[in-house]
Structures are given as C-alpha cells and as structure tokens.
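Chemist: protein_10.cif (mmCIF, C-alpha atoms) pasted underneath:
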data_protein
loop_
_atom_site.label_atom_id
_atom_site.label_comp_id
_atom_site.auth_asym_id
_atom_site.auth_seq_id
_atom_site.Cartn_x
_atom_site.Cartn_y
_atom_site.Cartn_z
CA MET F 240 34.02 -27.40 -3.89
CA GLU F 241 37.20 -25.57 -2.90
CA VAL F 242 36.86 -22.74 -0.38
CA ARG F 243 39.75 -20.36 0.33
CA LEU F 244 40.73 -16.71 0.50
CA ILE F 245 41.01 -15.28 -2.98
CA LYS F 246 44.35 -14.09 -4.31
CA PRO F 247 44.90 -10.42 -5.30
CA GLU F 248 44.74 -11.32 -8.99
CA GLU F 249 41.32 -12.93 -8.42
CA ALA F 250 39.78 -9.74 -7.01
CA VAL F 251 38.49 -8.73 -10.46
CA ASP F 252 36.65 -12.05 -10.77
CA TYR F 253 34.98 -11.48 -7.40
CA LEU F 254 34.00 -7.92 -8.30
CA LYS F 255 32.48 -9.13 -11.57
CA ILE F 256 30.39 -11.69 -9.68
CA SER F 257 29.34 -8.96 -7.23
CA ALA F 258 28.34 -6.69 -10.12
CA ALA F 259 26.29 -9.45 -11.78
CA SER F 260 24.72 -10.49 -8.48
CA PHE F 261 23.76 -7.04 -7.19
CA ILE F 262 23.29 -5.42 -10.62
CA TRP F 263 25.82 -2.60 -10.26
CA LYS F 264 28.01 -1.23 -13.04
CA PHE F 265 31.45 -2.80 -13.28
CA ASP F 266 34.27 -0.42 -14.29
CA LYS F 267 37.29 -2.38 -15.48
CA GLU F 268 39.53 0.65 -14.95
CA VAL F 269 38.46 1.16 -11.33
CA ASP F 270 37.22 -2.17 -10.00
CA LYS F 271 40.51 -4.05 -9.75
CA GLU F 272 41.03 -4.81 -6.06
CA VAL F 273 39.31 -5.21 -2.70
CA GLU F 274 40.64 -3.92 0.61
CA MET F 275 39.35 -6.64 2.95
CA PRO F 276 39.84 -10.44 2.82
CA VAL F 277 37.42 -12.20 0.50
CA LEU F 278 36.51 -15.84 1.00
CA GLY F 279 35.77 -17.55 -2.30
CA ALA F 280 34.04 -20.77 -3.36
CA PHE F 281 35.52 -22.44 -6.45
CA HIS F 282 33.92 -25.08 -8.66
CA ASN F 283 36.29 -26.84 -11.03
CA GLY F 284 38.79 -24.05 -10.44
CA LYS F 285 36.30 -21.27 -11.24
CA LEU F 286 35.23 -18.70 -8.65
CA ILE F 287 31.44 -18.92 -8.35
CA ALA F 288 30.71 -17.20 -5.00
CA GLY F 289 32.39 -14.79 -2.60
CA MET F 290 32.08 -13.16 0.78
CA GLU F 291 33.93 -10.16 2.27
CA LEU F 292 35.16 -10.57 5.85
CA PHE F 293 35.53 -7.77 8.40
CA ASP F 294 36.83 -8.60 11.86
CA PHE F 295 36.44 -6.37 14.89
CA LYS F 296 35.83 -6.34 18.62
CA CYS F 297 32.49 -5.42 20.12
CA ASN F 298 31.04 -5.10 23.60
CA TYR F 299 29.08 -7.95 25.12
CA CYS F 300 28.10 -7.35 28.75
CA GLY F 301 31.18 -5.23 29.40
CA ASN F 302 33.55 -7.72 27.77
CA LEU F 303 35.15 -7.38 24.34
CA ILE F 304 34.48 -10.34 22.06
CA ASN F 305 35.93 -11.06 18.62
CA THR F 306 33.33 -10.94 15.87
CA LEU F 307 33.01 -11.01 12.10
CA VAL F 308 30.87 -9.11 9.65
CA LEU F 309 30.06 -11.08 6.52
CA SER F 310 29.40 -8.69 3.66
CA GLY F 311 29.18 -8.60 -0.10
CA ILE F 312 27.84 -12.18 -0.12
CA CYS F 313 27.24 -13.02 -3.76
CA SER F 314 27.19 -15.82 -6.30
CA GLN F 315 27.27 -15.85 -10.08
CA PRO F 316 23.58 -16.02 -11.14
CA GLU F 317 24.12 -18.92 -13.55
CA ASN F 318 25.99 -20.86 -10.84
CA ARG F 319 23.41 -20.53 -8.08
CA ARG F 320 21.90 -23.57 -6.33
CA MET F 321 25.31 -25.25 -6.56
CA GLY F 322 26.18 -24.87 -2.87
CA GLY F 323 28.70 -22.05 -3.22
CA VAL F 324 27.23 -19.74 -0.56
CA ARG F 325 26.54 -22.68 1.75
CA ALA F 326 30.19 -23.71 1.44
CA LEU F 327 31.31 -20.20 2.42
CA PHE F 328 29.17 -20.16 5.59
CA ASP F 329 30.31 -23.68 6.50
CA GLU F 330 33.95 -22.62 6.21
CA VAL F 331 33.43 -19.58 8.44
CA GLY F 332 31.74 -21.77 11.05
CA ARG F 333 34.47 -24.41 10.97
CA ASN F 334 37.24 -21.85 11.46
CA ALA F 335 35.47 -19.75 14.12
CA VAL F 336 36.96 -21.40 17.19
CA GLU F 337 40.48 -21.47 15.77
CA ASN F 338 40.19 -17.75 14.96
CA ASP F 339 38.53 -16.96 18.34
CA ILE F 340 35.37 -15.67 16.64
CA VAL F 341 32.39 -15.59 19.01
CA ALA F 342 29.66 -14.17 16.77
CA GLY F 343 29.00 -12.98 13.23
CA PHE F 344 26.78 -10.30 11.71
CA LEU F 345 25.39 -9.42 8.30
CA SER F 346 22.87 -7.16 6.65
CA ALA F 347 20.14 -9.52 5.52
CA PHE F 348 18.13 -8.94 2.35
CA SER F 349 15.95 -11.81 3.58
CA ILE F 350 15.82 -12.98 7.19
CA SER F 351 14.24 -16.30 6.19
CA TYR F 352 17.09 -16.98 3.74
CA TYR F 353 19.86 -16.35 6.26
CA GLU F 354 18.06 -18.31 8.98
CA LYS F 355 19.22 -21.37 7.03
CA PHE F 356 22.75 -20.43 8.06
CA GLY F 357 21.88 -19.81 11.71
CA PHE F 358 21.24 -16.04 11.62
CA ALA F 359 18.39 -14.14 13.26
CA ASN F 360 17.33 -10.51 13.12
CA LEU F 361 18.90 -8.78 16.13
CA ASN F 362 18.02 -5.12 15.87
CA ARG F 363 14.69 -3.52 15.21
CA LEU F 364 16.05 -0.04 14.73
CA PHE F 365 14.23 3.15 13.85
CA ALA F 366 14.97 6.51 12.32
CA ILE F 367 13.25 9.02 14.60
CA SER F 368 12.12 12.30 13.01
CA VAL F 369 11.20 15.35 15.09
CA PRO F 370 10.15 18.78 13.78
CA PHE F 371 12.72 21.34 14.90
CA HIS F 372 10.02 23.62 16.31
CA LYS F 373 9.15 20.85 18.78
CA LEU F 374 12.67 21.07 20.25
CA GLU F 375 12.50 24.72 21.31
CA HIS F 376 12.48 23.73 24.99
CA ILE F 377 16.08 22.49 24.61
CA PRO F 378 18.46 25.48 24.89
CA ARG F 379 20.65 26.27 21.91
CA ASN F 380 24.24 25.25 22.50
CA ASN F 381 27.63 25.89 20.92
CA ASP F 382 29.92 23.80 23.15
CA VAL F 383 31.03 21.75 20.14
CA GLU F 384 34.06 21.38 17.92
CA LEU F 385 34.16 20.37 14.26
CA TYR F 386 36.12 17.19 13.63
CA THR F 387 38.85 17.69 11.03
CA GLY F 388 41.00 14.62 11.55
CA GLU F 389 43.33 16.20 14.09
CA GLN F 390 41.19 14.95 16.99
CA LEU F 391 41.15 11.31 15.77
CA SER F 392 42.61 9.72 18.90
CA GLU F 393 40.27 11.73 21.13
CA LEU F 394 37.24 10.84 19.01
CA CYS F 395 38.12 7.13 18.97
CA GLU F 396 38.61 7.22 22.73
CA LEU F 397 35.21 8.87 23.15
CA HIS F 398 33.51 6.36 20.86
CA ASN F 399 35.12 3.44 22.68
CA LYS F 400 33.83 4.74 26.01
CA CYS F 401 30.35 4.79 24.48
CA VAL F 402 30.86 1.17 23.33
CA PHE F 403 30.49 -0.09 26.88
CA LYS F 404 27.07 1.53 27.34
CA GLU F 405 25.37 -0.77 24.78
CA ASN F 406 25.88 -4.36 23.71
CA LEU F 407 27.30 -5.11 20.25
CA ILE F 408 28.68 -1.61 19.57
CA THR F 409 32.04 -2.01 17.85
CA MET F 410 35.39 -0.58 18.85
CA ARG F 411 37.08 1.94 16.55
CA GLU F 412 40.80 2.57 16.24
CA ASP F 413 41.30 4.31 12.89
CA GLU F 414 40.03 7.15 10.72
CA LYS F 415 37.92 5.17 8.26
CA HIS F 416 34.75 5.66 10.33
CA PHE F 417 34.90 9.46 10.53
CA CYS F 418 34.89 12.04 7.75
CA LYS F 419 37.81 14.48 8.12
CA THR F 420 36.87 16.56 5.05
CA PRO F 421 33.42 17.91 5.95
CA LEU F 422 33.40 20.80 3.49
CA GLU F 423 34.36 18.61 0.55
CA ASP F 424 31.99 15.76 1.40
CA ALA F 425 29.16 17.63 3.19
CA ASP F 426 29.52 15.04 5.97
CA TYR F 427 29.98 16.72 9.35
CA THR F 428 31.09 15.33 12.70
CA TYR F 429 30.93 17.56 15.77
CA ILE F 430 32.35 16.69 19.18
CA HIS F 431 30.51 18.03 22.24
CA ARG F 432 32.52 19.13 25.27
CA ASN F 433 31.40 19.46 28.88
CA SER F 434 32.19 22.37 31.21
CA LEU F 435 35.67 20.94 31.81
CA GLY F 436 36.41 20.79 28.10
CA GLU F 437 36.19 16.99 28.02
CA ALA F 438 34.67 15.24 25.00
CA ASP F 439 31.44 13.55 26.11
CA GLY F 440 29.46 13.05 22.90
CA TYR F 441 29.50 13.37 19.14
CA VAL F 442 27.16 13.53 16.18
CA ARG F 443 27.80 12.83 12.49
CA PHE F 444 25.27 14.34 10.10
CA ASN F 445 24.42 15.64 6.66
CA ILE F 446 21.65 17.89 5.40
CA LYS F 447 18.94 17.31 2.84
CA ARG F 448 17.41 20.70 2.09
CA PRO F 449 14.76 21.85 2.76
CA ASP F 450 13.47 18.76 4.52
CA GLU F 451 15.78 17.39 7.15
CA LEU F 452 19.06 17.21 8.98
CA ILE F 453 20.04 13.55 9.07
CA ALA F 454 22.10 12.41 12.05
CA GLU F 455 23.78 9.22 10.87
CA GLU F 456 25.38 8.62 14.27
CA LEU F 457 24.74 10.03 17.72
CA PHE F 458 26.76 8.82 20.72
CA VAL F 459 26.74 10.40 24.17
CA LEU F 460 28.04 9.62 27.65
CA THR F 461 25.67 11.86 29.64
CA PRO F 462 22.22 13.49 29.42
CA ASP F 463 23.90 16.91 29.30
CA ALA F 464 25.91 15.83 26.26
CA LEU F 465 22.74 14.72 24.49
CA LYS F 466 20.92 17.97 25.22
CA GLY F 467 24.02 19.93 24.23
CA ILE F 468 24.22 18.19 20.85
CA ILE F 469 20.51 18.63 20.14
CA GLY F 470 20.83 22.26 21.22
CA PHE F 471 23.67 22.68 18.74
CA LEU F 472 21.73 21.02 15.90
CA ARG F 473 18.91 23.52 16.50
CA ASN F 474 21.19 26.09 14.87
CA TYR F 475 20.19 24.53 11.54
CA ASP F 476 16.46 25.02 12.06
CA GLY F 477 16.51 28.00 9.69
CA ILE F 478 17.34 25.85 6.65
CA VAL F 479 15.68 22.49 7.39
CA LYS F 480 12.37 21.57 8.95
CA THR F 481 13.11 18.29 10.71
CA LEU F 482 15.78 16.51 12.72
CA ARG F 483 16.09 12.85 11.75
CA VAL F 484 18.24 10.59 13.93
CA LYS F 485 19.02 7.16 12.50
CA LYS F 486 19.83 3.81 14.14
CA GLN F 487 17.74 4.32 17.29
CA TYR F 488 15.73 1.86 19.35
CA PRO F 489 13.02 2.18 22.01
CA GLY F 490 14.85 3.20 25.17
CA SER F 491 17.87 4.71 23.41
CA PRO F 492 19.00 8.08 24.85
CA PHE F 493 17.50 10.13 22.01
CA ALA F 494 14.25 8.14 22.04
CA CYS F 495 13.92 8.82 25.77
CA LEU F 496 14.61 12.52 25.27
CA VAL F 497 11.81 13.00 22.73
CA ASP F 498 9.23 10.39 23.74
CA ARG F 499 6.95 13.02 25.32
CA ILE F 500 6.95 15.20 22.20
CA ASP F 501 4.02 15.13 19.79
CA ASP F 502 4.35 14.67 16.01
CA ILE F 503 7.29 12.25 16.16
CA ASN F 504 7.70 9.84 13.27
CA TYR F 505 9.34 6.43 13.59
CA GLU F 506 10.61 4.84 10.38
CA TYR F 507 11.53 1.16 10.66
CA ASP F 508 15.05 -0.02 9.79
CA LYS F 509 15.40 -3.81 9.64
CA GLY F 510 18.85 -3.58 11.22
CA TYR F 511 21.26 -6.50 11.18
CA ALA F 512 21.20 -10.25 11.67
CA GLY F 513 23.54 -12.18 13.95
CA ARG F 514 24.74 -15.70 14.58
CA ILE F 515 26.60 -17.29 17.50
CA TYR F 516 29.78 -19.09 16.40
CA ASN F 517 31.11 -20.03 19.85
CA LEU F 518 28.24 -20.63 22.26
CA LYS F 519 30.41 -21.67 25.21
CA LYS F 520 32.53 -18.53 25.02
CA LEU F 521 29.47 -16.30 24.68
CA LEU F 522 27.94 -17.90 27.76
CA GLU F 523 31.19 -17.37 29.65
CA ASN F 524 31.22 -13.67 28.75
CA ASN F 525 27.68 -13.03 29.93
CA VAL F 526 27.18 -11.13 33.19
CA TYR F 527 24.98 -13.17 35.51
CA PRO F 528 22.82 -12.32 38.54
CA GLN F 529 24.32 -12.27 42.02
CA LYS F 530 21.81 -14.87 43.20
CA HIS F 531 22.70 -18.51 42.52
CA GLY F 532 21.07 -20.17 39.52
CA LYS F 533 21.64 -22.91 36.96
CA PHE F 534 20.22 -24.03 33.65
CA SER F 535 20.98 -26.29 30.70
CA ILE F 536 20.60 -25.54 26.99
CA LEU F 537 20.24 -28.13 24.25
CA SER F 538 21.83 -26.39 21.27
CA LEU F 539 20.42 -27.71 17.99
CA ASP F 540 23.34 -26.43 15.96
CA ASP F 541 25.23 -28.16 13.16
CA LEU F 542 28.50 -26.48 14.19
CA GLU F 543 30.58 -28.97 16.13
CA GLN F 544 31.59 -26.41 18.76
CA ASN F 545 27.95 -25.47 19.41
CA LYS F 546 26.38 -28.92 19.26
CA GLY F 547 25.24 -30.55 22.49
CA ILE F 548 23.95 -29.64 25.94
CA PHE F 549 25.52 -26.72 27.77
CA ASP F 550 25.28 -26.62 31.56
CA VAL F 551 25.58 -23.22 33.21
CA GLU F 552 25.78 -22.60 36.95
CA TYR F 553 26.14 -19.02 38.14
CA GLN F 554 26.49 -16.86 41.22
CA ASN F 555 27.96 -13.43 42.04
CA GLY F 556 27.85 -12.36 38.39
CA LYS F 557 29.96 -15.22 36.99
CA ALA F 558 29.31 -18.72 35.74
CA THR F 559 30.93 -22.04 35.02
CA VAL F 560 30.01 -23.56 31.66
CA SER F 561 30.41 -27.20 30.68
CA LYS F 562 29.25 -29.30 27.75
CA ARG F 563 27.86 -32.82 27.42
CA THR F 564 26.39 -34.90 24.62
CA ASP F 565 23.14 -36.20 26.13
CA GLY F 566 20.79 -36.12 29.10
CA ASP F 567 18.15 -33.80 30.46
CA TYR F 568 17.95 -30.07 29.68
CA ASP F 569 15.76 -27.04 30.43
CA ILE F 570 15.48 -25.31 27.06
CA SER F 571 16.36 -26.22 23.47
CA LEU F 572 17.35 -23.59 20.93
CA THR F 573 17.99 -23.59 17.21
CA PRO F 574 20.84 -21.26 16.13
CA PRO F 575 18.49 -18.38 15.16
CA ALA F 576 16.58 -18.75 18.42
CA ALA F 577 19.84 -18.73 20.40
CA ALA F 578 20.84 -15.49 18.67
CA ARG F 579 17.48 -13.93 19.56
CA LEU F 580 17.65 -14.89 23.24
CA LEU F 581 21.38 -14.48 23.94
CA LEU F 582 22.55 -11.71 21.60
CA ALA F 583 19.61 -9.44 20.89
CA GLY F 584 19.00 -8.20 24.44
CA GLU F 585 15.22 -8.44 24.07
CA GLY F 586 14.72 -9.70 27.64
CA HIS F 587 12.23 -12.51 27.06
CA THR F 588 10.46 -14.54 29.71
CA ALA F 589 9.21 -18.11 29.55
CA GLU F 590 5.78 -16.70 28.66
CA THR F 591 7.03 -14.78 25.62
CA ALA F 592 9.90 -17.00 24.41
CA VAL F 593 7.59 -19.91 23.59
CA TYR F 594 6.27 -17.88 20.67
CA ILE F 595 9.73 -17.66 19.08
CA ASP F 596 10.30 -20.25 16.39
CA GLY F 597 13.04 -22.66 17.47
CA VAL F 598 12.47 -22.36 21.24
CA GLU F 599 11.26 -25.35 23.26
CA LEU F 600 10.92 -25.29 27.04
CA LYS F 601 11.29 -28.70 28.66
CA ASN F 602 11.86 -27.89 32.34
CA ASN F 603 11.65 -24.81 34.52
CA ALA F 604 13.95 -22.32 32.78
CA ASN F 605 13.46 -19.34 35.09
CA ASP F 606 17.18 -19.22 35.91
CA PHE F 607 17.93 -19.03 32.18
CA PHE F 608 15.65 -16.06 31.55
CA ARG F 609 16.90 -14.33 34.70
CA ALA F 610 20.42 -14.53 33.25
CA PHE F 611 19.45 -12.78 30.00
CA PRO F 612 17.36 -9.70 30.89
CA HIS F 613 16.61 -6.80 28.61
CA ARG F 614 19.83 -5.01 27.68
CA ALA F 615 20.53 -1.97 25.55
CA THR F 616 21.74 -3.53 22.29
CA ARG F 617 22.58 -1.88 19.01
CA PHE F 618 24.68 -3.33 16.24
CA ILE F 619 25.38 -0.69 13.57
CA ASP F 620 27.31 -0.72 10.32
CA SER F 621 30.53 0.74 11.70
CA PHE F 622 32.57 -1.60 9.50
CA TRP F 623 31.99 0.58 6.44
CA SER F 624 34.53 3.21 5.51
CA ILE F 625 33.36 6.83 5.25
#
Once you've parsed the file, please lay out its structure as structure tokens.
Modeler:
Amino acid sequence: MEVRLIKPEEAVDYLKISAASFIWKFDKEVDKEVEMPVLGAFHNGKLIAGMELFDFKCNYCGNLINTLVLSGICSQPENRRMGGVRALFDEVGRNAVENDIVAGFLSAFSISYYEKFGFANLNRLFAISVPFHKLEHIPRNNDVELYTGEQLSELCELHNKCVFKENLITMREDEKHFCKTPLEDADYTYIHRNSLGEADGYVRFNIKRPDELIAEELFVLTPDALKGIIGFLRNYDGIVKTLRVKKQYPGSPFACLVDRIDDINYEYDKGYAGRIYNLKKLLENNVYPQKHGKFSILSLDDLEQNKGIFDVEYQNGKATVSKRTDGDYDISLTPPAAARLLLAGEGHTAETAVYIDGVELKNNANDFFRAFPHRATRFIDSFWSI
C-alpha cells in the first residue's frame, strides 16, 4: 500500500471516490480540484481511499498547539476492507511529531468506528432554543455593526481573543470563516461594540421563517457583550418565534444567561472526536496546580511517540515530563481514554473515570485528576469555508 499526497491531476479520482462513498452527485465540469492537501492510499497504483487535511492552531490551556482536522475520509466501496483508511491514519500518526502536530480532530459518523484509530468523542454540544418572548427582560440593543468584509482584521482579532477563553477553539486569520456578502447569501455577521466603540462580541446567523433565527456562531468577551447581542437579535422577534443558538455546552455563556428561563429546548449535537498525536507535548502545554504533585501514565498507544510510561512532576503551574519503557505507574489509558481525560475538559475524578472504557487506576492518581480539572472546551467546525 502506497500512501502519499495526491497530485493535482489525481483530484478528480479522489472526488469520484468521495461521491461514491458519500452518495453525492459528481459533476465532471465542476468537480475537478480540491483546495486542501489530500492524503491518498494507493493499491497497485490505483487510488482507493483519501483524506483531506486541514492544519490550524488552537488554544490548549492558554497555549497555541498545532492540530489537524481529518475530513472527507472516504474509500471506494468495492475496495473497502483492504486497509486503505487504516493506512491513511497510520501515516498521519507517523508524521505527527515531524510536523509538530499535537492533536487531531474529525467529525465522526460512528464513534465506535473511529475509536479503532484512537479517537474519542470530545464535545457534547447542544443547540439551545429559546422563545423570543422569554427574552423580554433583556433590553433591546443596537450597538452593533454589520460585517461586510472591510472589518476583517478587527473581526479576526476579536475572534482570536475569544479563542483563549475556551480550550480547542481555533485561531482565524483569513476571510473564509466569515460571510462578507450577507444580502446575497442571507448569512449575517454582526459585531457588537462596547461604550468605547471596541469590538467585544459577534454573532453569525441566518433566519428560517417563521420558526427561528439560527445563530451559527456566538462569541463574546464580556457579559455586557452577550446581553447586547441578544438584545440586538430581539429586533427580529416580529418575523420569527424562536432564537436558536448552536454549538453550546452546559456552562457556556449563553447557556448560563438563559438557564433560569422556562420553555428552553436543548437539541443534542454529537460534536467532534479528537485524538492525541503527541502526548508528551500535550502534557507539557497543560497548566498545572500551584501545589506540588506528580503522577505517571502508562499510555497504551500504538504510536511510537505515545507508547510507554510518562512521568509528570509539577509545581507552580508548570511540569517536567519524561518517558520510560517500563516500571510502575498510577493510571493506564488507551488513546480514546487519554483524549477523554486530557483533551475534553470533562473534569473527571478517580470515582468517575473508572467507568470510562480504557481507564485503569493502579495507584493513587489524585495528583493526575487534580491536574486536569473541568475546563470550558469547545471544538467547532471553523475549518470549513463560508
């Protein structure tokens, strides 16, 4: 099995496999190229599987780490069970350290399937729906400005400030994430400004009449910005009945704002799955307690860089991390379990972690759980172009 990046002239072959795999219509006049790198698996010189690669930086405990999104993962139906997809994941894992990739993410059609490649579900997100008439206690507000593309640098700067309020939010540096033609596309982004005229929040939304206004993204720096944006969105209560805010989690700013309101509906979104590709570097980027502590993890990972026992000793927020091949340890983790405990920000204890498949406690691991408390964490699909 040969695994390599496809050449431009092979893009059509990949798109045909994607069409056959996901059952979408292939247009030979339109579907001729792909914008992002595509890793391909070849059997006897024939492309049988492919995977699109997006690279970006995201926040982890106040530090920016290099990560990948693996998307468009597909294989020709008649060539399945030949190891093509497995070969793609193996190649990504082998090259992770060389490319300074710490973690990877994907949208999983089946969590159990992608667990075979070390991924675990990270986000249990919700779309929160609130009837507009239940928001009348929030004053209407017009301290907003429609985004038209001219404010791109300011909007990216605002978004990147919001990045450091939640783990796994991705940095943005270009226009592909924001719609600059709202009238043509019916996709609106409004920037909220505080009393000094500074941008402190934004919302991107569309409207589905007569039912709901759908906020695809909502990012704020302050409580006043959140109330200001909701107060602005109330101006649409004459044409739609409900405000629906997507990609939220219990404890998110919007969830906290409305959790005392009756008649709220929470609709589950399975979110994204993640995998650790460089365990040592992730451990080094964690923010630790001030009080001294130490623990050891037996990582049951097939990746060479993640295989073995990792010793962590911390104090004053930082830690030293070393690796050995054998000996005693406090906790053993499979790759999906490591993603759950180290990436997802769920804040488990010894009492709850034992119920997670792939977790085994051998010694007192209190210092481990103290080092990974509950943290606001939200990976979203910011890698897609608008």
Chemist: So which one's closest to F:Glu585, F:Met275, F:Ile446, F:Cys495, F:Ala615? Using all atoms listed in the file, please.
Modeler: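 Ranked by minimum distance to F:Glu585, first place goes to F:Ala615.
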Chemist: Figure out the distance between atom CA of F:Ala250 and atom CA of F:Pro276, please, to one decimal in Å.
Modeler: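 Taking atom CA of F:Pro276 and atom CA of F:Ala250, their separation equals 9.9 Å.
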Chemist: Quick one: everything within 12 Å of F:Asn334, counting all atoms listed in the file, minus sequence neighbours fewer than 5 positions away in the same chain. Send it as a PyMOL selection string.
Modeler: chain F and resi 242-243+307+327-329+339-341+516-517+542-544
Chemist: With distances taken over all atoms listed in the file, which residue among F:Gly470, F:Leu482, F:Val560, F:Asn605 lies nearest F:His376?
Modeler: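 Distance minimum relative to F:His376 lands on F:Gly470.
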Chemist: Show which residues sit within 9 Å of F:Asn524, as a PDB file with C-alpha atoms, in the frame of the given file. Count only C-alpha atoms, and ignore same-chain residues fewer than 2 positions away.
Modeler:
ATOM      1  CA  TYR F 299      29.080  -7.950  25.120  1.00  0.00           C
ATOM      2  CA  CYS F 300      28.100  -7.350  28.750  1.00  0.00           C
ATOM      3  CA  GLY F 301      31.180  -5.230  29.400  1.00  0.00           C
ATOM      4  CA  ASN F 302      33.550  -7.720  27.770  1.00  0.00           C
ATOM      5  CA  LEU F 303      35.150  -7.380  24.340  1.00  0.00           C
ATOM      6  CA  ILE F 304      34.480 -10.340  22.060  1.00  0.00           C
ATOM      7  CA  LYS F 519      30.410 -21.670  25.210  1.00  0.00           C
ATOM      8  CA  LYS F 520      32.530 -18.530  25.020  1.00  0.00           C
ATOM      9  CA  LEU F 521      29.470 -16.300  24.680  1.00  0.00           C
ATOM     10  CA  LEU F 522      27.940 -17.900  27.760  1.00  0.00           C
ATOM     11  CA  VAL F 526      27.180 -11.130  33.190  1.00  0.00           C
ATOM     12  CA  LYS F 557      29.960 -15.220  36.990  1.00  0.00           C
ATOM     13  CA  ALA F 558      29.310 -18.720  35.740  1.00  0.00           C
TER      14      ALA F 558
END
Chemist: Quick check, in Å to one decimal: how far apart do atom CA of F:Ile312 and atom CA of F:Val402 lie?
Modeler: 27.2 Å
Chemist: Taking the file as shown, find all residues satisfying the PyMOL selection byres ((chain F and resi 430-443) around 6) and write them as a list in words.
Modeler: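 Taken on the displayed file, the PyMOL selection byres ((chain F and resi 430-443) around 6) yields the residues Asp382, Val383, Glu384, Tyr427, Thr428, Tyr429, Phe444, Ala454, Glu455, Glu456, Leu457, Phe458, Val459, Leu460 and Ala464 of chain F.
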Chemist: Provide the atom CA of F:Arg614 to atom CA of F:Ala494 distance in Å, to one decimal place.
Modeler: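 Separating atom CA of F:Arg614 from atom CA of F:Ala494 is a distance of 15.4 Å.
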Chemist: Find the residues near F:Gly584: any atom within 12 Å, counting only C-alpha atoms, skip ones fewer than 3 places away on the same chain, and give them as number ranges by chain.
Modeler: F: 299-300, 360-363, 405-407, 488, 525, 577-581, 587-588, 608, 610-618
Chemist: Applying the PyMOL selection byres ((chain F and resi 619) around 8) to the file I just gave you, which residues come out? Please list them as a count of residues only.
Modeler: 8
Chemist: Between F:Val484, F:Ile468, F:Cys313, F:Ala347, which is the closest to F:Asn445 once you count all atoms listed in the file?
Modeler: F:Val484
Chemist: Once the PyMOL selection byres ((chain F and resi 447) around 10) has been applied to the shown file, what residues remain in the selection, as a ChimeraX atom specification?
Modeler: /F:445-446,448-453,478-481
Chemist: Compile the contact shell of F:Lys267 as a PyMOL selection string: residues with an atom at most 12 Å away, counting all atoms listed in the file, same-chain residues fewer than 4 positions apart removed.
Modeler: chain F and resi 250-252+254-255+258+271-272
Chemist: Using only C-alpha atoms, can you tell me which of F:Lys404, F:Glu354, F:Ile500, F:Pro378 comes closest to F:Asp463?
Modeler: F:Pro378
